[in-house]
$ cat query.cif   # mmCIF, C-alpha atoms
data_input
loop_
_atom_site.label_atom_id
_atom_site.label_comp_id
_atom_site.auth_asym_id
_atom_site.auth_seq_id
_atom_site.Cartn_x
_atom_site.Cartn_y
_atom_site.Cartn_z
CA MET B 1 0.00 0.00 0.00
CA ALA B 2 2.88 2.37 0.74
CA THR B 3 4.26 1.81 -2.77
CA ILE B 4 0.92 2.68 -4.38
CA ASP B 5 0.77 5.90 -2.35
CA GLU B 6 4.35 6.75 -3.37
CA ASP B 7 3.52 5.98 -7.01
CA LEU B 8 0.55 8.34 -6.82
CA GLN B 9 2.75 11.09 -5.35
CA ILE B 10 5.22 10.60 -8.23
CA LEU B 11 2.33 10.66 -10.72
CA GLU B 12 1.07 13.92 -9.22
CA LYS B 13 4.54 15.52 -9.50
CA LYS B 14 4.86 14.36 -13.11
CA LEU B 15 1.41 15.78 -13.87
CA ASN B 16 2.41 19.16 -12.40
CA THR B 17 5.60 19.13 -14.49
CA LEU B 18 3.62 18.22 -17.62
CA LYS B 19 1.23 21.10 -16.96
CA LEU B 20 4.17 23.52 -16.80
CA ASP B 21 5.66 22.03 -19.98
CA TYR B 22 2.39 22.56 -21.85
CA GLU B 23 2.16 26.14 -20.58
CA ARG B 24 5.69 26.78 -21.87
CA TYR B 25 4.78 25.18 -25.19
CA PHE B 26 1.67 27.34 -25.56
CA LEU B 27 3.68 30.47 -24.69
CA GLY B 28 6.23 29.57 -27.35
CA THR B 29 9.21 29.06 -25.02
CA ARG B 30 9.24 25.30 -25.56
CA PRO B 31 9.82 24.21 -29.19
CA ARG B 32 7.87 20.92 -29.13
CA GLU B 33 4.76 19.57 -27.49
CA PRO B 34 5.68 17.32 -24.50
CA LEU B 35 4.16 14.17 -26.02
CA VAL B 36 6.55 11.66 -24.42
CA ALA B 37 5.77 12.84 -20.89
CA ARG B 38 2.05 12.89 -21.71
CA GLN B 39 2.15 9.31 -23.03
CA GLU B 40 4.05 8.18 -19.93
CA ILE B 41 1.43 9.72 -17.65
CA GLN B 42 -1.39 8.28 -19.77
CA LYS B 43 0.16 4.82 -19.43
CA THR B 44 0.45 5.17 -15.64
CA VAL B 45 -3.13 6.45 -15.33
CA THR B 46 -4.41 3.54 -17.44
CA THR B 47 -2.49 1.07 -15.25
CA PHE B 48 -3.99 2.53 -12.07
CA ALA B 49 -7.48 2.66 -13.61
CA ASN B 50 -7.28 -1.09 -14.35
CA THR B 51 -5.95 -1.93 -10.87
CA PRO B 52 -8.53 -2.56 -8.12
CA LEU B 53 -7.72 -0.18 -5.27
CA GLN B 54 -9.06 -1.47 -1.96
CA ASN B 55 -8.05 1.45 0.21
CA THR B 56 -10.64 4.22 0.02
CA ALA B 57 -8.14 7.04 0.67
CA ILE B 58 -5.85 5.84 -2.13
CA ARG B 59 -8.80 5.33 -4.51
CA PHE B 60 -10.00 8.87 -3.73
CA LYS B 61 -6.52 10.29 -4.32
CA PHE B 62 -6.20 8.46 -7.65
CA ASN B 63 -9.68 9.54 -8.76
CA SER B 64 -8.89 13.19 -8.03
CA ILE B 65 -5.57 12.98 -9.94
CA HIS B 66 -7.33 11.18 -12.80
CA ALA B 67 -10.12 13.81 -12.98
CA ARG B 68 -7.54 16.61 -12.95
CA TYR B 69 -5.58 14.93 -15.73
CA GLN B 70 -8.72 14.48 -17.87
CA ALA B 71 -9.61 18.16 -17.44
CA MET B 72 -6.09 19.20 -18.43
CA LYS B 73 -6.16 16.90 -21.46
CA ARG B 74 -9.39 18.47 -22.69
CA GLN B 75 -7.94 21.95 -22.22
CA TRP B 76 -4.66 21.06 -23.99
CA ASP B 77 -6.45 19.40 -26.90
CA ASN B 78 -8.72 22.43 -27.27
CA VAL B 79 -5.75 24.82 -27.36
CA LEU B 80 -3.92 22.57 -29.85
CA ARG B 81 -6.97 22.63 -32.14
CA GLN B 82 -7.09 26.42 -31.89
CA MET B 83 -3.38 26.67 -32.69
CA GLU B 84 -3.84 24.49 -35.77
CA ALA B 85 -6.78 26.62 -36.92
CA GLY B 86 -4.88 29.86 -36.23
CA THR B 87 -7.48 31.09 -33.75
CA TYR B 88 -5.52 30.64 -30.51
CA THR B 89 -6.06 33.88 -28.62
CA ARG B 90 -2.48 34.33 -27.45
CA ASP B 91 -1.16 33.88 -31.00
CA VAL B 92 -3.80 36.17 -32.47
CA PHE B 93 -3.17 38.74 -29.73
CA LYS B 94 0.60 38.72 -30.35
CA ALA B 95 0.10 38.90 -34.12
CA ASN B 96 -2.30 41.84 -33.75
CA ILE B 97 0.23 43.69 -31.58
CA ARG B 98 2.97 43.09 -34.13
CA ALA B 99 0.65 44.19 -36.94
CA ALA B 100 -0.28 47.36 -35.08
CA ASN B 101 3.37 48.13 -34.34
CA SER B 102 4.51 47.51 -37.89
CA ALA B 103 1.67 49.64 -39.31
CA SER B 104 2.68 52.67 -37.30
CA PRO B 105 2.57 55.75 -39.59
CA THR B 106 5.65 57.19 -37.88
CA ARG B 107 7.74 54.34 -39.30
CA PRO B 108 6.21 53.37 -42.66
CA HIS B 109 7.84 50.80 -44.95
CA GLY B 110 7.97 50.91 -48.73
CA ARG B 111 8.71 53.25 -51.63
CA ARG B 112 7.39 56.49 -53.07
CA PRO B 113 6.38 56.70 -56.74
CA ASP B 114 9.43 58.85 -57.44
CA GLY B 115 11.63 55.95 -56.28
CA GLY B 116 12.51 57.53 -52.94
CA ARG B 117 12.46 55.26 -49.94
CA ILE B 118 9.87 55.73 -47.20
CA GLY B 119 11.29 55.31 -43.74
CA SER B 120 14.84 54.26 -42.91
CA ALA B 121 16.89 51.17 -43.74
CA ARG B 122 16.16 50.04 -40.19
CA ALA B 123 12.43 50.05 -40.96
CA GLY B 124 12.96 47.40 -43.66
CA SER B 125 14.69 45.10 -41.18
CA GLU B 126 11.87 45.73 -38.70
CA LEU B 127 9.34 44.57 -41.28
CA LEU B 128 11.44 41.46 -41.99
CA ASP B 129 11.72 40.73 -38.26
CA ALA B 130 7.98 41.23 -37.77
CA TYR B 131 7.24 38.83 -40.65
CA ARG B 132 9.61 36.20 -39.25
CA ASP B 133 8.17 36.56 -35.73
CA ALA B 134 4.61 36.17 -37.02
CA ALA B 135 5.62 33.13 -39.09
CA ARG B 136 7.22 31.51 -36.04
CA ALA B 137 4.13 32.26 -33.93
CA CYS B 138 1.96 30.53 -36.56
CA GLY B 139 4.30 27.55 -36.83
CA GLN B 140 5.44 28.42 -40.36
CA SER B 141 9.02 28.39 -41.58
CA ALA B 142 10.57 31.67 -42.69
CA LYS B 143 14.02 30.26 -43.51
CA GLY B 144 13.77 31.05 -47.23
CA LEU B 145 12.71 34.65 -46.63
CA THR B 146 15.48 37.13 -47.33
CA ALA B 147 15.53 40.91 -47.28
CA LYS B 148 15.78 40.85 -51.08
CA LYS B 149 12.64 38.68 -51.49
CA LEU B 150 10.74 40.82 -49.01
CA GLN B 151 11.79 44.00 -50.83
CA ALA B 152 10.61 42.48 -54.13
CA ALA B 153 7.20 41.78 -52.58
CA VAL B 154 7.10 45.30 -51.12
CA ASP B 155 7.95 46.85 -54.51
CA HIS B 156 5.33 44.75 -56.30
CA GLN B 157 2.56 45.60 -53.84
CA THR B 158 3.59 49.26 -53.75
CA SER B 159 3.35 49.71 -57.52
CA ALA B 160 0.00 47.89 -57.64
CA LEU B 161 -1.45 50.01 -54.83
CA ILE B 162 -0.16 53.25 -56.35
CA LYS B 163 -1.85 52.41 -59.66
CA GLN B 164 -5.05 51.43 -57.91
CA THR B 165 -5.41 54.34 -55.48
CA GLY B 166 -3.16 57.09 -56.82
CA CYS B 167 -1.46 57.46 -53.44
CA ARG B 168 2.10 58.69 -52.97
CA ASP B 169 3.08 56.86 -49.78
CA VAL B 170 2.45 53.23 -48.86
CA VAL B 171 2.56 51.62 -45.41
CA PHE B 172 3.18 47.90 -44.90
CA ARG B 173 2.25 45.67 -42.01
CA VAL B 174 2.38 41.98 -41.24
CA VAL B 175 -1.01 40.36 -40.63
CA VAL B 176 -2.13 36.83 -39.83
CA GLN B 177 -5.27 35.71 -41.66
CA GLN B 178 -6.66 32.20 -41.18
CA GLY B 179 -3.37 31.06 -39.66
CA LYS B 180 -1.23 32.36 -42.56
CA VAL B 181 1.19 35.26 -42.44
CA LYS B 182 0.71 37.93 -45.09
CA LEU B 183 2.22 41.27 -45.98
CA LYS B 184 -0.49 43.93 -46.26
CA ALA B 185 -0.04 47.26 -48.01
CA SER B 186 -2.17 50.31 -47.22
CA PRO B 187 -2.04 53.80 -48.68
CA LEU B 188 -0.97 56.43 -46.19
CA ALA B 189 -4.17 58.46 -45.69
CA SER B 190 -2.41 61.82 -46.06
CA SER B 191 -0.83 60.77 -49.38
CA ILE B 192 -3.96 59.87 -51.39
CA SER B 193 -4.47 62.32 -54.20
CA SER B 194 -7.97 63.27 -55.27
CA ARG B 195 -8.74 62.27 -58.87
#

$ encode --input "query.cif" --output "structure tokens"
Amino acid sequence: MATIDEDLQILEKKLNTLKLDYERYFLGTRPREPLVARQEIQKTVTTFANTPLQNTAIRFKFNSIHARYQAMKRQWDNVLRQMEAGTYTRDVFKANIRAANSASPTRPHGRRPDGGRIGSARAGSELLDAYRDAARACGQSAKGLTAKKLQAAVDHQTSALIKQTGCRDVVFRVVVQQGKVKLKASPLASSISSR
């Protein structure tokens, strides 16, 4: 009986550690989901569930650990589904903050129709960093993205938006739509010419 009680204490400690690991994973500080630890705990829980426990105190303790584990599993699975769909609130919140920061009119990114650059060289690297951060937050790879490729996309969108709206200045921001990272161009409100 003492060994079963000790095993339950170990199981409870492992469950607390697994909870912290999942929290780190959801925050983005842990690179991979802690599946091995989860499978180990699942195996232990299944073993205890199939073992007849005669002692009422031990059975109560196991049932409370088991109920807590089931509740955590439901929560983790729900968050994982949201992350896959791109609707996880922390990811969306962080992406919206990055989008708002990169769309700041005091530091616009892009080109003017006369070929002059809007913003500083540092602004271009900020846009690249914002795109890479958003891609990482969505679980996408941004390894192939270079400053040159990003500048080509900026130039293409700038010329298209200038033709469409007749604006002089274009602002770029990184947005996440349906779990995918995109570069969004907007005309600077003060630069739109009346036709």

$ closest_atom_pairs --input "query.cif" --of "stretch 24-79 of chain B" --to "stretch 128-148 of chain B" --cutoff "12 Å" --atoms "only C-alpha atoms" --output "tab-separated table"
residue	atom	partner	partner_atom	distance
B:Tyr25	CA	B:Ala137	CA	11.3
B:Phe26	CA	B:Ala137	CA	10.0
B:Leu27	CA	B:Ala137	CA	9.4
B:Gly28	CA	B:Ala137	CA	7.4
B:Thr29	CA	B:Ala137	CA	10.7
B:Pro31	CA	B:Gly139	CA	10.0
B:Arg32	CA	B:Gly139	CA	10.8

$ atom_distance --input "query.cif" --atom1 "atom CA of B:Phe172" --atom2 "atom CA of B:Tyr88"
24.1 Å

$ closest_residue --input "query.cif" --among "B:Gln164, B:Asn16, B:Thr46, B:Gln54" --to "B:Met72" --atoms "only C-alpha atoms"
B:Asn16

$ atom_distance --input "query.cif" --atom1 "atom CA of B:Arg74" --atom2 "atom CA of B:Arg90"
17.9 Å

$ atom_distance --input "query.cif" --atom1 "atom CA of B:Thr47" --atom2 "atom CA of B:Ile4"
11.5 Å

$ closest_residue --input "query.cif" --among "B:Ile97, B:His66, B:Leu20, B:Thr56" --to "B:Ile41" --atoms "all atoms listed in the file"
B:His66

$ residues_around --input "query.cif" --residues "B:Gln42" --least-positions-apart "4" --cutoff "12 Å" --atoms "all atoms listed in the file" --output "list in words"
Leu11, Lys14, Leu15, Leu18, Leu35, Val36, Ala37, Arg38, Thr46, Thr47, Phe48, Ala49, Ile65, His66, Tyr69, Gln70, Met72 and Lys73 of chain B

$ write_last_selection --input "query.cif" --atoms "C-alpha atoms" --output "short mmCIF file (atom, residue, chain, number, x, y, z; two decimals), in the coordinates of the input"
data_model
loop_
_atom_site.label_atom_id
_atom_site.label_comp_id
_atom_site.auth_asym_id
_atom_site.auth_seq_id
_atom_site.Cartn_x
_atom_site.Cartn_y
_atom_site.Cartn_z
CA LEU B 11 2.33 10.66 -10.72
CA LYS B 14 4.86 14.36 -13.11
CA LEU B 15 1.41 15.78 -13.87
CA LEU B 18 3.62 18.22 -17.62
CA LEU B 35 4.16 14.17 -26.02
CA VAL B 36 6.55 11.66 -24.42
CA ALA B 37 5.77 12.84 -20.89
CA ARG B 38 2.05 12.89 -21.71
CA THR B 46 -4.41 3.54 -17.44
CA THR B 47 -2.49 1.07 -15.25
CA PHE B 48 -3.99 2.53 -12.07
CA ALA B 49 -7.48 2.66 -13.61
CA ILE B 65 -5.57 12.98 -9.94
CA HIS B 66 -7.33 11.18 -12.80
CA TYR B 69 -5.58 14.93 -15.73
CA GLN B 70 -8.72 14.48 -17.87
CA MET B 72 -6.09 19.20 -18.43
CA LYS B 73 -6.16 16.90 -21.46
#

$ residues_near_point --input "query.cif" --point "(3.9, 24.1, -24.9)" --cutoff "6 Å" --atoms "all atoms listed in the file" --output "list in words"
Asp21, Tyr22, Glu23, Arg24, Tyr25, Phe26, Arg30 and Glu33 of chain B

$ axis_aligned_box --input "query.cif" --around "stretch 77-93 of chain B" --padding-each-side "5 Å" --output "lines of an AutoDock Vina configuration file"
center_x = -4.9
center_y = 29.1
center_z = -31.9
size_x = 17.6
size_y = 29.3
size_z = 20.0

$ resolve_selection --input "query.cif" --expression "the PyMOL selection byres ((chain B and resi 158) around 8)" --output "NGL selection string"
:B and (110-111 or 154-157 or 159-162 or 170 or 185)

$ closest_residue --input "query.cif" --among "B:Arg68, B:Lys61, B:Lys43, B:Lys163" --to "B:Leu8" --atoms "only C-alpha atoms"
B:Lys61
